[in-house]
>>> print(open('my_file-v1.cif').read())   # mmCIF, C-alpha atoms; chains and numbers go by the auth columns
data_target
#
loop_
_atom_site.group_PDB
_atom_site.id
_atom_site.type_symbol
_atom_site.label_atom_id
_atom_site.label_comp_id
_atom_site.label_asym_id
_atom_site.label_seq_id
_atom_site.Cartn_x
_atom_site.Cartn_y
_atom_site.Cartn_z
_atom_site.B_iso_or_equiv
_atom_site.auth_seq_id
_atom_site.auth_asym_id
ATOM 1 C CA MET A 1 114.188 -10.094 -21.754 0.00 74 A
ATOM 2 C CA VAL A 2 114.858 -6.395 -21.437 0.00 75 A
ATOM 3 C CA ALA A 3 118.046 -4.641 -22.390 0.00 76 A
ATOM 4 C CA TYR A 4 119.057 -1.804 -20.095 0.00 77 A
ATOM 5 C CA TYR A 5 120.868 1.323 -21.206 0.00 78 A
ATOM 6 C CA THR A 6 122.606 3.859 -19.004 0.00 79 A
ATOM 7 C CA ILE A 7 121.241 7.321 -19.723 0.00 80 A
ATOM 8 C CA ALA A 8 122.275 10.270 -17.544 0.00 81 A
ATOM 9 C CA GLY A 9 123.594 7.845 -14.924 0.00 82 A
ATOM 10 C CA LYS A 10 120.369 5.826 -14.638 0.00 83 A
ATOM 11 C CA GLN A 11 119.485 2.407 -15.959 0.00 84 A
ATOM 12 C CA VAL A 12 116.612 2.698 -18.458 0.00 85 A
ATOM 13 C CA GLY A 13 114.889 -0.285 -20.029 0.00 86 A
ATOM 14 C CA SER A 14 114.506 -0.615 -23.769 0.00 87 A
ATOM 15 C CA HIS A 15 110.710 -0.805 -23.399 0.00 88 A
ATOM 16 C CA VAL A 16 110.715 2.610 -21.678 0.00 89 A
ATOM 17 C CA LEU A 17 112.832 4.082 -24.467 0.00 90 A
ATOM 18 C CA SER A 18 110.493 2.693 -27.124 0.00 91 A
ATOM 19 C CA MET A 19 107.401 4.061 -25.345 0.00 92 A
ATOM 20 C CA ALA A 20 109.055 7.474 -25.007 0.00 93 A
ATOM 21 C CA THR A 21 110.022 7.469 -28.681 0.00 94 A
ATOM 22 C CA LEU A 22 106.523 6.512 -29.830 0.00 95 A
ATOM 23 C CA GLY A 23 104.963 9.056 -27.490 0.00 96 A
ATOM 24 C CA ALA A 24 107.211 11.799 -28.808 0.00 97 A
ATOM 25 C CA VAL A 25 106.557 10.905 -32.457 0.00 98 A
ATOM 26 C CA PHE A 26 102.785 10.756 -32.063 0.00 99 A
ATOM 27 C CA GLY A 27 102.692 13.797 -29.787 0.00 100 A
ATOM 28 C CA ILE A 28 104.701 15.971 -32.142 0.00 101 A
ATOM 29 C CA SER A 29 102.703 14.832 -35.175 0.00 102 A
ATOM 30 C CA TRP A 30 99.405 15.499 -33.361 0.00 103 A
ATOM 31 C CA LEU A 31 100.539 18.997 -32.413 0.00 104 A
ATOM 32 C CA SER A 32 101.821 19.789 -35.892 0.00 105 A
ATOM 33 C CA MET A 33 98.606 18.608 -37.571 0.00 106 A
ATOM 34 C CA GLY A 34 96.407 20.667 -35.259 0.00 107 A
ATOM 35 C CA GLY A 35 96.021 23.316 -37.886 0.00 108 A
ATOM 36 C CA SER A 36 95.527 27.015 -37.532 0.00 109 A
ATOM 37 C CA SER A 37 92.521 29.225 -37.880 0.00 110 A
ATOM 38 C CA LYS A 38 91.342 29.972 -41.378 0.00 111 A
ATOM 39 C CA LYS A 39 93.010 32.917 -42.970 0.00 112 A
ATOM 40 C CA THR A 40 90.678 35.541 -44.317 0.00 113 A
ATOM 41 C CA GLN A 41 90.953 36.110 -48.007 0.00 114 A
ATOM 42 C CA THR A 42 92.102 39.556 -48.869 0.00 115 A
ATOM 43 C CA THR A 43 91.020 41.024 -52.156 0.00 116 A
ATOM 44 C CA PRO A 44 92.826 43.735 -54.040 0.00 117 A
ATOM 45 C CA PRO A 45 91.443 47.229 -53.563 0.00 118 A
ATOM 46 C CA ILE A 46 88.653 48.265 -55.901 0.00 119 A
ATOM 47 C CA GLN A 47 89.585 51.240 -58.017 0.00 120 A
ATOM 48 C CA ALA A 48 86.203 52.320 -59.304 0.00 121 A
ATOM 49 C CA SER A 49 85.436 55.753 -60.674 0.00 122 A
ATOM 50 C CA SER A 50 82.001 55.882 -59.026 0.00 123 A
ATOM 51 C CA LYS A 51 80.020 54.268 -56.229 0.00 124 A
ATOM 52 C CA ASP A 52 77.732 52.571 -58.783 0.00 125 A
ATOM 53 C CA GLU A 53 80.710 50.957 -60.494 0.00 126 A
ATOM 54 C CA GLU A 54 82.060 49.790 -57.122 0.00 127 A
ATOM 55 C CA ASN A 55 78.697 48.192 -56.251 0.00 128 A
ATOM 56 C CA PHE A 56 78.610 46.492 -59.648 0.00 129 A
ATOM 57 C CA ILE A 57 82.094 45.042 -59.102 0.00 130 A
ATOM 58 C CA GLN A 58 81.281 43.849 -55.570 0.00 131 A
ATOM 59 C CA TYR A 59 77.804 42.439 -56.092 0.00 132 A
ATOM 60 C CA GLY A 60 77.699 41.596 -59.794 0.00 133 A
ATOM 61 C CA SER A 61 74.721 43.799 -60.542 0.00 134 A
ATOM 62 C CA TYR A 62 73.564 47.236 -59.657 0.00 135 A
ATOM 63 C CA THR A 63 72.120 47.211 -56.167 0.00 136 A
ATOM 64 C CA ASP A 64 71.985 50.046 -53.736 0.00 137 A
ATOM 65 C CA PRO A 65 72.971 48.519 -50.376 0.00 138 A
#
>>> encode(input="my_file-v1.cif", output="structure tokens")
Amino acid sequence: MVAYYTIAGKQVGSHVLSMATLGAVFGISWLSMGGSSKKTQTTPPIQASSKDEENFIQYGSYTDP
């Protein structure tokens, strides 16, 4: 047996209301869990006194890129 509710002047069945509620809950949760693109990590600026020191900080050893 279905209970009917009057919404905006129309008779709406309880089964339609429950399907709309479940659809909205799952739809909103699916959209919110979609995620965003990965954020690039920003590093603080390197304040080296020479290019050799900057290369050492970036690469961990002296290399001439």
>>> atom_distance(input="my_file-v1.cif", atom1="atom CA of A:Ala76", atom2="atom CA of A:Leu90")
10.4 Å
>>> residues_around(input="my_file-v1.cif", residues="A:Tyr78", least_positions_apart="4", cutoff="12 Å", atoms="only C-alpha atoms", output="count of residues only")
9
>>> atom_distance(input="my_file-v1.cif", atom1="atom CA of A:Tyr132", atom2="atom CA of A:Thr113")
18.8 Å
>>> atom_distance(input="my_file-v1.cif", atom1="atom CA of A:Ala93", atom2="atom CA of A:Gly107")
21.0 Å
>>> residues_around(input="my_file-v1.cif", residues="A:Pro118", least_positions_apart="3", cutoff="12 Å", atoms="all atoms listed in the file", output="PyMOL selection string")
chain A and resi 115+121+127+130-131
>>> axis_aligned_box(input="my_file-v1.cif", around="stretch 78-90 of chain A", padding_each_side="5 Å", output="lines of an AutoDock Vina configuration file")
center_x = 117.2
center_y = 4.7
center_z = -19.6
size_x = 22.9
size_y = 21.1
size_z = 19.8
>>> build_atoms(input="my_file-v1.cif", residues="stretch 81-117 of chain A", atoms="N, CA and C atoms", output="short mmCIF file (atom, residue, chain, number, x, y, z; two decimals), in the frame of the given file")
data_model
loop_
_atom_site.label_atom_id
_atom_site.label_comp_id
_atom_site.auth_asym_id
_atom_site.auth_seq_id
_atom_site.Cartn_x
_atom_site.Cartn_y
_atom_site.Cartn_z
N ALA A 81 122.12 9.26 -18.59
CA ALA A 81 122.28 10.27 -17.54
C ALA A 81 122.51 9.60 -16.19
N GLY A 82 123.25 8.51 -16.17
CA GLY A 82 123.59 7.84 -14.92
C GLY A 82 122.53 6.92 -14.38
N LYS A 83 121.45 6.71 -15.10
CA LYS A 83 120.37 5.83 -14.64
C LYS A 83 120.19 4.68 -15.62
N GLN A 84 119.79 3.55 -15.11
CA GLN A 84 119.48 2.41 -15.96
C GLN A 84 118.05 2.55 -16.49
N VAL A 85 117.91 2.54 -17.82
CA VAL A 85 116.61 2.70 -18.46
C VAL A 85 116.39 1.49 -19.35
N GLY A 86 115.22 0.88 -19.22
CA GLY A 86 114.89 -0.28 -20.03
C GLY A 86 114.55 0.09 -21.46
N SER A 87 114.77 -0.86 -22.35
CA SER A 87 114.51 -0.62 -23.77
C SER A 87 113.02 -0.37 -24.02
N HIS A 88 112.15 -1.01 -23.22
CA HIS A 88 110.71 -0.80 -23.40
C HIS A 88 110.32 0.63 -23.03
N VAL A 89 110.99 1.22 -22.05
CA VAL A 89 110.72 2.61 -21.68
C VAL A 89 111.19 3.55 -22.79
N LEU A 90 112.33 3.27 -23.36
CA LEU A 90 112.83 4.08 -24.47
C LEU A 90 111.90 4.01 -25.67
N SER A 91 111.39 2.82 -25.97
CA SER A 91 110.49 2.69 -27.12
C SER A 91 109.17 3.42 -26.88
N MET A 92 108.64 3.34 -25.65
CA MET A 92 107.40 4.06 -25.34
C MET A 92 107.61 5.57 -25.42
N ALA A 93 108.77 6.04 -24.94
CA ALA A 93 109.06 7.47 -25.01
C ALA A 93 109.21 7.94 -26.45
N THR A 94 109.85 7.12 -27.27
CA THR A 94 110.02 7.47 -28.68
C THR A 94 108.68 7.53 -29.40
N LEU A 95 107.84 6.51 -29.19
CA LEU A 95 106.52 6.51 -29.83
C LEU A 95 105.67 7.67 -29.33
N GLY A 96 105.72 7.94 -28.04
CA GLY A 96 104.96 9.06 -27.49
C GLY A 96 105.40 10.38 -28.07
N ALA A 97 106.70 10.56 -28.23
CA ALA A 97 107.21 11.80 -28.81
C ALA A 97 106.80 11.93 -30.27
N VAL A 98 106.91 10.85 -31.04
CA VAL A 98 106.56 10.90 -32.46
C VAL A 98 105.08 11.23 -32.63
N PHE A 99 104.22 10.51 -31.92
CA PHE A 99 102.78 10.76 -32.06
C PHE A 99 102.38 12.10 -31.47
N GLY A 100 103.01 12.50 -30.39
CA GLY A 100 102.69 13.80 -29.79
C GLY A 100 103.07 14.96 -30.68
N ILE A 101 104.26 14.89 -31.26
CA ILE A 101 104.70 15.97 -32.14
C ILE A 101 103.86 16.01 -33.41
N SER A 102 103.53 14.84 -33.96
CA SER A 102 102.70 14.83 -35.17
C SER A 102 101.30 15.33 -34.88
N TRP A 103 100.74 15.02 -33.72
CA TRP A 103 99.40 15.50 -33.36
C TRP A 103 99.41 17.02 -33.21
N LEU A 104 100.45 17.55 -32.59
CA LEU A 104 100.54 19.00 -32.41
C LEU A 104 100.74 19.71 -33.74
N SER A 105 101.55 19.12 -34.62
CA SER A 105 101.82 19.79 -35.89
C SER A 105 100.63 19.72 -36.84
N MET A 106 99.76 18.73 -36.69
CA MET A 106 98.61 18.61 -37.57
C MET A 106 97.37 19.30 -36.99
N GLY A 107 97.54 19.99 -35.90
CA GLY A 107 96.41 20.67 -35.26
C GLY A 107 95.78 21.72 -36.14
N GLY A 108 96.55 22.32 -36.98
CA GLY A 108 96.02 23.32 -37.89
C GLY A 108 95.90 24.67 -37.22
N SER A 109 95.70 25.66 -38.03
CA SER A 109 95.53 27.02 -37.53
C SER A 109 94.18 27.52 -37.99
N SER A 110 93.80 28.67 -37.49
CA SER A 110 92.52 29.22 -37.88
C SER A 110 92.57 29.62 -39.35
N LYS A 111 91.40 29.64 -39.96
CA LYS A 111 91.34 29.97 -41.38
C LYS A 111 91.79 31.40 -41.59
N LYS A 112 92.56 31.58 -42.62
CA LYS A 112 93.01 32.92 -42.97
C LYS A 112 91.93 33.58 -43.82
N THR A 113 91.68 34.83 -43.53
CA THR A 113 90.68 35.54 -44.32
C THR A 113 91.28 35.91 -45.66
N GLN A 114 90.48 35.77 -46.68
CA GLN A 114 90.95 36.11 -48.01
C GLN A 114 90.94 37.62 -48.16
N THR A 115 92.04 38.12 -48.61
CA THR A 115 92.10 39.56 -48.87
C THR A 115 91.98 39.76 -50.37
N THR A 116 91.21 40.73 -50.74
CA THR A 116 91.02 41.02 -52.16
C THR A 116 91.76 42.32 -52.47
N PRO A 117 92.15 42.47 -53.69
CA PRO A 117 92.83 43.74 -54.04
C PRO A 117 91.84 44.90 -53.92
#
